[in-house]
$ cat model23.cif   # mmCIF, N, CA and C atoms
data_my_file
loop_
_atom_site.label_atom_id
_atom_site.label_comp_id
_atom_site.auth_asym_id
_atom_site.auth_seq_id
_atom_site.Cartn_x
_atom_site.Cartn_y
_atom_site.Cartn_z
N MET A 1170 1.82 -0.54 -58.91
CA MET A 1170 0.93 -1.53 -58.33
C MET A 1170 1.29 -1.71 -56.86
N SER A 1171 0.34 -1.55 -56.00
CA SER A 1171 0.56 -1.68 -54.57
C SER A 1171 0.35 -3.12 -54.12
N ARG A 1172 1.16 -3.55 -53.19
CA ARG A 1172 1.00 -4.90 -52.62
C ARG A 1172 0.33 -4.84 -51.26
N LEU A 1173 -0.16 -3.67 -50.91
CA LEU A 1173 -0.83 -3.51 -49.63
C LEU A 1173 -2.21 -4.16 -49.67
N ASN A 1174 -2.44 -5.15 -48.82
CA ASN A 1174 -3.72 -5.85 -48.79
C ASN A 1174 -4.60 -5.46 -47.62
N TRP A 1175 -3.99 -4.91 -46.58
CA TRP A 1175 -4.74 -4.60 -45.36
C TRP A 1175 -4.35 -3.22 -44.87
N GLY A 1176 -5.32 -2.53 -44.29
CA GLY A 1176 -5.06 -1.26 -43.65
C GLY A 1176 -5.71 -1.28 -42.27
N TYR A 1177 -5.15 -0.52 -41.36
CA TYR A 1177 -5.66 -0.50 -39.99
C TYR A 1177 -5.76 0.95 -39.53
N VAL A 1178 -6.90 1.30 -38.95
CA VAL A 1178 -7.10 2.64 -38.42
C VAL A 1178 -7.48 2.48 -36.94
N LEU A 1179 -6.71 3.14 -36.08
CA LEU A 1179 -6.98 3.05 -34.65
C LEU A 1179 -8.04 4.07 -34.26
N HIS A 1180 -9.05 3.62 -33.53
CA HIS A 1180 -10.12 4.46 -33.02
C HIS A 1180 -10.19 4.26 -31.51
N PRO A 1181 -10.77 5.19 -30.76
CA PRO A 1181 -10.89 5.00 -29.30
C PRO A 1181 -11.64 3.72 -28.95
N GLN A 1182 -12.63 3.32 -29.74
CA GLN A 1182 -13.45 2.15 -29.41
C GLN A 1182 -12.91 0.84 -30.00
N GLY A 1183 -11.89 0.89 -30.85
CA GLY A 1183 -11.33 -0.34 -31.42
C GLY A 1183 -10.49 -0.05 -32.64
N ILE A 1184 -10.09 -1.11 -33.33
CA ILE A 1184 -9.27 -1.00 -34.53
C ILE A 1184 -10.13 -1.33 -35.75
N GLU A 1185 -10.09 -0.46 -36.74
CA GLU A 1185 -10.84 -0.68 -37.98
C GLU A 1185 -9.94 -1.41 -38.95
N VAL A 1186 -10.46 -2.50 -39.51
CA VAL A 1186 -9.68 -3.31 -40.44
C VAL A 1186 -10.22 -3.08 -41.84
N ILE A 1187 -9.37 -2.58 -42.73
CA ILE A 1187 -9.75 -2.33 -44.11
C ILE A 1187 -9.05 -3.37 -44.97
N SER A 1188 -9.84 -4.14 -45.72
CA SER A 1188 -9.31 -5.35 -46.34
C SER A 1188 -8.62 -5.18 -47.68
N ALA A 1189 -8.88 -4.15 -48.42
CA ALA A 1189 -8.27 -4.07 -49.75
C ALA A 1189 -8.13 -2.62 -50.17
N PRO A 1190 -7.18 -2.35 -51.08
CA PRO A 1190 -7.06 -0.98 -51.59
C PRO A 1190 -8.37 -0.57 -52.26
N GLY A 1191 -8.76 0.66 -52.04
CA GLY A 1191 -9.97 1.16 -52.65
C GLY A 1191 -11.21 0.97 -51.80
N THR A 1192 -11.13 0.16 -50.75
CA THR A 1192 -12.27 -0.02 -49.85
C THR A 1192 -12.32 1.18 -48.93
N GLU A 1193 -13.50 1.78 -48.83
CA GLU A 1193 -13.61 3.00 -48.05
C GLU A 1193 -13.49 2.77 -46.55
N ARG A 1194 -14.01 1.67 -46.05
CA ARG A 1194 -13.94 1.41 -44.61
C ARG A 1194 -14.16 -0.08 -44.36
N GLY A 1195 -13.91 -0.46 -43.13
CA GLY A 1195 -14.06 -1.87 -42.77
C GLY A 1195 -14.75 -1.99 -41.43
N PRO A 1196 -14.93 -3.22 -40.94
CA PRO A 1196 -15.57 -3.41 -39.64
C PRO A 1196 -14.64 -3.00 -38.51
N LEU A 1197 -15.22 -2.73 -37.38
CA LEU A 1197 -14.46 -2.32 -36.21
C LEU A 1197 -14.30 -3.50 -35.27
N VAL A 1198 -13.08 -3.79 -34.90
CA VAL A 1198 -12.79 -4.84 -33.93
C VAL A 1198 -12.60 -4.13 -32.59
N ALA A 1199 -13.51 -4.35 -31.67
CA ALA A 1199 -13.46 -3.67 -30.37
C ALA A 1199 -12.21 -4.04 -29.60
N TRP A 1200 -11.69 -3.10 -28.83
CA TRP A 1200 -10.51 -3.37 -28.01
C TRP A 1200 -10.78 -4.48 -27.00
N SER A 1201 -12.03 -4.71 -26.67
CA SER A 1201 -12.38 -5.75 -25.71
C SER A 1201 -12.43 -7.14 -26.34
N THR A 1202 -12.18 -7.24 -27.64
CA THR A 1202 -12.18 -8.55 -28.32
C THR A 1202 -11.07 -9.42 -27.73
N ASP A 1203 -11.42 -10.65 -27.44
CA ASP A 1203 -10.44 -11.59 -26.89
C ASP A 1203 -9.29 -11.75 -27.89
N PRO A 1204 -8.05 -11.46 -27.49
CA PRO A 1204 -6.93 -11.54 -28.43
C PRO A 1204 -6.62 -12.96 -28.89
N ARG A 1205 -7.25 -13.95 -28.29
CA ARG A 1205 -7.01 -15.34 -28.70
C ARG A 1205 -7.93 -15.80 -29.82
N VAL A 1206 -8.91 -14.95 -30.24
CA VAL A 1206 -9.80 -15.38 -31.32
C VAL A 1206 -8.98 -15.59 -32.59
N ARG A 1207 -9.47 -16.46 -33.42
CA ARG A 1207 -8.80 -16.71 -34.70
C ARG A 1207 -9.52 -15.91 -35.78
N LEU A 1208 -8.85 -14.89 -36.29
CA LEU A 1208 -9.42 -14.04 -37.31
C LEU A 1208 -9.16 -14.65 -38.69
N ARG A 1209 -10.15 -14.62 -39.56
CA ARG A 1209 -9.99 -15.14 -40.92
C ARG A 1209 -9.38 -14.06 -41.79
N ASP A 1210 -8.52 -14.46 -42.71
CA ASP A 1210 -7.85 -13.48 -43.55
C ASP A 1210 -8.41 -13.40 -44.97
N THR A 1211 -9.66 -13.80 -45.14
CA THR A 1211 -10.31 -13.70 -46.44
C THR A 1211 -10.84 -12.28 -46.60
N PRO A 1212 -10.27 -11.47 -47.53
CA PRO A 1212 -10.67 -10.06 -47.63
C PRO A 1212 -12.17 -9.84 -47.80
N GLY A 1213 -12.86 -10.69 -48.54
CA GLY A 1213 -14.27 -10.51 -48.77
C GLY A 1213 -15.13 -10.59 -47.52
N LEU A 1214 -14.60 -11.16 -46.46
CA LEU A 1214 -15.34 -11.27 -45.20
C LEU A 1214 -15.24 -10.01 -44.34
N TRP A 1215 -14.29 -9.14 -44.66
CA TRP A 1215 -14.06 -7.93 -43.87
C TRP A 1215 -14.79 -6.76 -44.49
N LYS A 1216 -16.12 -6.78 -44.40
CA LYS A 1216 -16.94 -5.72 -44.97
C LYS A 1216 -17.64 -4.94 -43.87
N PRO A 1217 -17.84 -3.64 -44.09
CA PRO A 1217 -18.54 -2.85 -43.06
C PRO A 1217 -19.95 -3.36 -42.86
N GLY A 1218 -20.41 -3.27 -41.63
CA GLY A 1218 -21.76 -3.70 -41.31
C GLY A 1218 -21.90 -5.19 -41.07
N GLN A 1219 -20.82 -5.95 -41.23
CA GLN A 1219 -20.84 -7.38 -40.96
C GLN A 1219 -20.04 -7.65 -39.70
N PRO A 1220 -20.35 -8.76 -39.02
CA PRO A 1220 -19.53 -9.08 -37.84
C PRO A 1220 -18.10 -9.42 -38.26
N ILE A 1221 -17.18 -9.24 -37.34
CA ILE A 1221 -15.80 -9.57 -37.67
C ILE A 1221 -15.70 -11.08 -37.92
N PRO A 1222 -14.94 -11.49 -38.92
CA PRO A 1222 -14.83 -12.92 -39.23
C PRO A 1222 -13.86 -13.61 -38.27
N ALA A 1223 -14.38 -14.04 -37.15
CA ALA A 1223 -13.55 -14.66 -36.13
C ALA A 1223 -14.23 -15.91 -35.59
N THR A 1224 -13.42 -16.80 -35.09
CA THR A 1224 -13.93 -17.99 -34.43
C THR A 1224 -13.68 -17.83 -32.94
N THR A 1225 -14.30 -18.67 -32.16
CA THR A 1225 -14.11 -18.59 -30.72
C THR A 1225 -12.67 -18.94 -30.36
N PRO A 1226 -12.18 -18.38 -29.27
CA PRO A 1226 -10.80 -18.68 -28.88
C PRO A 1226 -10.64 -20.15 -28.53
N PRO A 1227 -9.43 -20.66 -28.70
CA PRO A 1227 -9.20 -22.06 -28.35
C PRO A 1227 -9.40 -22.29 -26.85
N GLN A 1228 -9.80 -23.50 -26.51
CA GLN A 1228 -9.96 -23.86 -25.10
C GLN A 1228 -8.59 -23.84 -24.44
N THR A 1229 -8.56 -23.33 -23.25
CA THR A 1229 -7.29 -23.35 -22.50
C THR A 1229 -7.32 -24.53 -21.55
N THR A 1230 -6.19 -25.10 -21.34
CA THR A 1230 -6.08 -26.21 -20.40
C THR A 1230 -5.29 -25.74 -19.20
N ALA A 1231 -5.62 -26.29 -18.08
CA ALA A 1231 -4.90 -25.92 -16.86
C ALA A 1231 -3.48 -26.45 -16.95
N ARG A 1232 -2.54 -25.59 -16.65
CA ARG A 1232 -1.14 -26.02 -16.65
C ARG A 1232 -0.82 -26.70 -15.33
N THR A 1233 -0.07 -27.74 -15.42
CA THR A 1233 0.36 -28.40 -14.19
C THR A 1233 1.65 -27.74 -13.74
N ALA A 1234 1.76 -27.56 -12.48
CA ALA A 1234 2.96 -26.93 -11.93
C ALA A 1234 4.13 -27.88 -12.06
N GLY A 1235 5.22 -27.35 -12.54
CA GLY A 1235 6.44 -28.15 -12.67
C GLY A 1235 7.19 -28.16 -11.36
N PRO A 1236 8.30 -28.85 -11.35
CA PRO A 1236 9.10 -28.89 -10.11
C PRO A 1236 9.57 -27.48 -9.77
N THR A 1237 9.55 -27.18 -8.51
CA THR A 1237 10.00 -25.86 -8.07
C THR A 1237 11.35 -25.99 -7.41
N SER A 1238 12.11 -24.96 -7.53
CA SER A 1238 13.43 -24.95 -6.93
C SER A 1238 13.33 -24.38 -5.53
N THR A 1239 14.07 -24.96 -4.62
CA THR A 1239 14.08 -24.44 -3.26
C THR A 1239 15.18 -23.41 -3.08
N THR A 1240 16.04 -23.26 -4.08
CA THR A 1240 17.13 -22.30 -4.00
C THR A 1240 16.71 -21.02 -4.70
N ALA A 1241 16.75 -19.93 -4.00
CA ALA A 1241 16.38 -18.64 -4.59
C ALA A 1241 17.54 -18.14 -5.43
N TRP A 1242 17.22 -17.50 -6.52
CA TRP A 1242 18.24 -16.92 -7.40
C TRP A 1242 18.74 -15.64 -6.78
N ALA A 1243 20.04 -15.46 -6.82
CA ALA A 1243 20.62 -14.22 -6.33
C ALA A 1243 21.70 -13.77 -7.31
N PRO A 1244 21.78 -12.49 -7.59
CA PRO A 1244 22.81 -12.02 -8.53
C PRO A 1244 24.20 -12.18 -7.91
N ARG A 1245 25.15 -12.49 -8.79
CA ARG A 1245 26.54 -12.61 -8.29
C ARG A 1245 27.16 -11.23 -8.15
N ALA A 1246 28.01 -11.10 -7.17
CA ALA A 1246 28.72 -9.83 -6.99
C ALA A 1246 29.70 -9.65 -8.13
N ARG A 1247 29.80 -8.43 -8.63
CA ARG A 1247 30.73 -8.15 -9.72
C ARG A 1247 32.10 -7.87 -9.15
N SER A 1248 33.11 -8.39 -9.80
CA SER A 1248 34.47 -8.08 -9.39
C SER A 1248 35.04 -7.07 -10.38
N HIS A 1249 35.74 -6.09 -9.87
CA HIS A 1249 36.28 -5.03 -10.73
C HIS A 1249 37.74 -5.17 -10.89
#
$ encode --input "model23.cif" --output "structure tokens"
Amino acid sequence: MSRLNWGYVLHPQGIEVISAPGTERGPLVAWSTDPRVRLRDTPGLWKPGQPIPATTPPQTTARTAGPTSTTAWAPRARSH
């Protein structure tokens, strides 16, 4: 009995996600897909000919700059 639930095949246009043993093929996730999308892990949703089961990426917030140091880092000389 195999415990393998997912298979992945790399193609020039994207990665094919195969959801279960015995499934001949799965949908293609294009390399241009935003890596921040939230992919669903329900195997029944990963069928060929259907859109990838993903939600929109989370909103990003602008980071505020923290305090900056005026002293530049310099490596210490090694003593032999």
$ atom_distance --input "model23.cif" --atom1 "atom CA of A:Thr1202" --atom2 "atom C of A:Ala1189"
23.0 Å
$ residues_around --input "model23.cif" --residues "stretch 1203-1211 of chain A" --least-positions-apart "2" --cutoff "10 Å" --atoms "only C-alpha atoms" --output "short mmCIF file (atom, residue, chain, number, x, y, z; two decimals) with N, CA and C atoms, in the frame of the given file"
data_model
loop_
_atom_site.label_atom_id
_atom_site.label_comp_id
_atom_site.auth_asym_id
_atom_site.auth_seq_id
_atom_site.Cartn_x
_atom_site.Cartn_y
_atom_site.Cartn_z
N TRP A 1175 -3.99 -4.91 -46.58
CA TRP A 1175 -4.74 -4.60 -45.36
C TRP A 1175 -4.35 -3.22 -44.87
N SER A 1188 -9.84 -4.14 -45.72
CA SER A 1188 -9.31 -5.35 -46.34
C SER A 1188 -8.62 -5.18 -47.68
N ALA A 1199 -13.51 -4.35 -31.67
CA ALA A 1199 -13.46 -3.67 -30.37
C ALA A 1199 -12.21 -4.04 -29.60
N TRP A 1200 -11.69 -3.10 -28.83
CA TRP A 1200 -10.51 -3.37 -28.01
C TRP A 1200 -10.78 -4.48 -27.00
N SER A 1201 -12.03 -4.71 -26.67
CA SER A 1201 -12.38 -5.75 -25.71
C SER A 1201 -12.43 -7.14 -26.34
N GLY A 1213 -12.86 -10.69 -48.54
CA GLY A 1213 -14.27 -10.51 -48.77
C GLY A 1213 -15.13 -10.59 -47.52
N LEU A 1214 -14.60 -11.16 -46.46
CA LEU A 1214 -15.34 -11.27 -45.20
C LEU A 1214 -15.24 -10.01 -44.34
N TRP A 1215 -14.29 -9.14 -44.66
CA TRP A 1215 -14.06 -7.93 -43.87
C TRP A 1215 -14.79 -6.76 -44.49
N ILE A 1221 -17.18 -9.24 -37.34
CA ILE A 1221 -15.80 -9.57 -37.67
C ILE A 1221 -15.70 -11.08 -37.92
N PRO A 1222 -14.94 -11.49 -38.92
CA PRO A 1222 -14.83 -12.92 -39.23
C PRO A 1222 -13.86 -13.61 -38.27
N ALA A 1223 -14.38 -14.04 -37.15
CA ALA A 1223 -13.55 -14.66 -36.13
C ALA A 1223 -14.23 -15.91 -35.59
N THR A 1224 -13.42 -16.80 -35.09
CA THR A 1224 -13.93 -17.99 -34.43
C THR A 1224 -13.68 -17.83 -32.94
N THR A 1225 -14.30 -18.67 -32.16
CA THR A 1225 -14.11 -18.59 -30.72
C THR A 1225 -12.67 -18.94 -30.36
N PRO A 1226 -12.18 -18.38 -29.27
CA PRO A 1226 -10.80 -18.68 -28.88
C PRO A 1226 -10.64 -20.15 -28.53
N PRO A 1227 -9.43 -20.66 -28.70
CA PRO A 1227 -9.20 -22.06 -28.35
C PRO A 1227 -9.40 -22.29 -26.85
N GLN A 1228 -9.80 -23.50 -26.51
CA GLN A 1228 -9.96 -23.86 -25.10
C GLN A 1228 -8.59 -23.84 -24.44
#
$ resolve_selection --input "model23.cif" --expression "the PyMOL selection byres ((chain A and resi 1184) around 6)" --output "number ranges by chain"
A: 1178-1180, 1182-1183, 1185-1186, 1196-1200
$ build_atoms --input "model23.cif" --residues "stretch 1215-1226 of chain A" --atoms "all heavy atoms" --output "CSV table (one decimal), in the coordinates of the input"
chain,number,residue,atom,x,y,z
A,1215,TRP,N,-14.3,-9.1,-44.7
A,1215,TRP,CA,-14.1,-7.9,-43.9
A,1215,TRP,C,-14.8,-6.8,-44.5
A,1215,TRP,O,-14.2,-5.8,-45.0
A,1215,TRP,CB,-12.6,-7.7,-43.8
A,1215,TRP,CG,-11.9,-8.6,-42.9
A,1215,TRP,CD1,-11.3,-9.8,-43.2
A,1215,TRP,CD2,-11.7,-8.5,-41.5
A,1215,TRP,NE1,-10.8,-10.4,-42.2
A,1215,TRP,CE2,-11.0,-9.7,-41.1
A,1215,TRP,CE3,-12.0,-7.5,-40.5
A,1215,TRP,CZ2,-10.6,-9.9,-39.7
A,1215,TRP,CZ3,-11.7,-7.8,-39.2
A,1215,TRP,CH2,-11.0,-8.9,-38.8
A,1216,LYS,N,-16.1,-6.8,-44.4
A,1216,LYS,CA,-16.9,-5.7,-45.0
A,1216,LYS,C,-17.6,-4.9,-43.9
A,1216,LYS,O,-18.0,-5.5,-42.8
A,1216,LYS,CB,-18.0,-6.3,-45.9
A,1216,LYS,CG,-17.4,-7.0,-47.1
A,1216,LYS,CD,-18.4,-7.5,-48.1
A,1216,LYS,CE,-17.7,-8.1,-49.3
A,1216,LYS,NZ,-18.7,-8.8,-50.1
A,1217,PRO,N,-17.8,-3.6,-44.1
A,1217,PRO,CA,-18.5,-2.8,-43.1
A,1217,PRO,C,-20.0,-3.4,-42.9
A,1217,PRO,O,-20.6,-3.8,-43.8
A,1217,PRO,CB,-18.5,-1.4,-43.6
A,1217,PRO,CG,-18.1,-1.5,-45.0
A,1217,PRO,CD,-17.5,-2.9,-45.2
A,1218,GLY,N,-20.4,-3.3,-41.6
A,1218,GLY,CA,-21.8,-3.7,-41.3
A,1218,GLY,C,-21.9,-5.2,-41.1
A,1218,GLY,O,-23.0,-5.7,-40.7
A,1219,GLN,N,-20.8,-6.0,-41.2
A,1219,GLN,CA,-20.8,-7.4,-41.0
A,1219,GLN,C,-20.0,-7.6,-39.7
A,1219,GLN,O,-19.1,-6.9,-39.4
A,1219,GLN,CB,-20.2,-8.2,-42.1
A,1219,GLN,CG,-21.0,-8.2,-43.4
A,1219,GLN,CD,-20.4,-9.1,-44.4
A,1219,GLN,OE1,-19.2,-9.4,-44.4
A,1219,GLN,NE2,-21.2,-9.5,-45.4
A,1220,PRO,N,-20.4,-8.8,-39.0
A,1220,PRO,CA,-19.5,-9.1,-37.8
A,1220,PRO,C,-18.1,-9.4,-38.3
A,1220,PRO,O,-17.9,-9.8,-39.4
A,1220,PRO,CB,-20.2,-10.3,-37.2
A,1220,PRO,CG,-21.2,-10.8,-38.3
A,1220,PRO,CD,-21.4,-9.7,-39.3
A,1221,ILE,N,-17.2,-9.2,-37.3
A,1221,ILE,CA,-15.8,-9.6,-37.7
A,1221,ILE,C,-15.7,-11.1,-37.9
A,1221,ILE,O,-16.3,-11.9,-37.2
A,1221,ILE,CB,-14.8,-9.1,-36.6
A,1221,ILE,CG1,-15.1,-9.8,-35.2
A,1221,ILE,CG2,-14.8,-7.6,-36.4
A,1221,ILE,CD1,-14.0,-9.6,-34.2
A,1222,PRO,N,-14.9,-11.5,-38.9
A,1222,PRO,CA,-14.8,-12.9,-39.2
A,1222,PRO,C,-13.9,-13.6,-38.3
A,1222,PRO,O,-12.7,-13.7,-38.5
A,1222,PRO,CB,-14.3,-12.9,-40.7
A,1222,PRO,CG,-13.6,-11.6,-40.8
A,1222,PRO,CD,-14.3,-10.7,-39.9
A,1223,ALA,N,-14.4,-14.0,-37.2
A,1223,ALA,CA,-13.6,-14.7,-36.1
A,1223,ALA,C,-14.2,-15.9,-35.6
A,1223,ALA,O,-15.4,-16.0,-35.6
A,1223,ALA,CB,-13.3,-13.7,-35.0
A,1224,THR,N,-13.4,-16.8,-35.1
A,1224,THR,CA,-13.9,-18.0,-34.4
A,1224,THR,C,-13.7,-17.8,-32.9
A,1224,THR,O,-12.9,-17.0,-32.5
A,1224,THR,CB,-13.2,-19.3,-34.9
A,1224,THR,OG1,-11.8,-19.1,-34.7
A,1224,THR,CG2,-13.4,-19.5,-36.4
A,1225,THR,N,-14.3,-18.7,-32.2
A,1225,THR,CA,-14.1,-18.6,-30.7
A,1225,THR,C,-12.7,-18.9,-30.4
A,1225,THR,O,-12.0,-19.7,-31.1
A,1225,THR,CB,-15.1,-19.6,-30.0
A,1225,THR,OG1,-14.9,-20.9,-30.5
A,1225,THR,CG2,-16.5,-19.1,-30.2
A,1226,PRO,N,-12.2,-18.4,-29.3
A,1226,PRO,CA,-10.8,-18.7,-28.9
A,1226,PRO,C,-10.6,-20.2,-28.5
A,1226,PRO,O,-11.6,-20.8,-28.2
A,1226,PRO,CB,-10.6,-17.8,-27.7
A,1226,PRO,CG,-11.9,-17.3,-27.2
A,1226,PRO,CD,-12.8,-17.5,-28.4
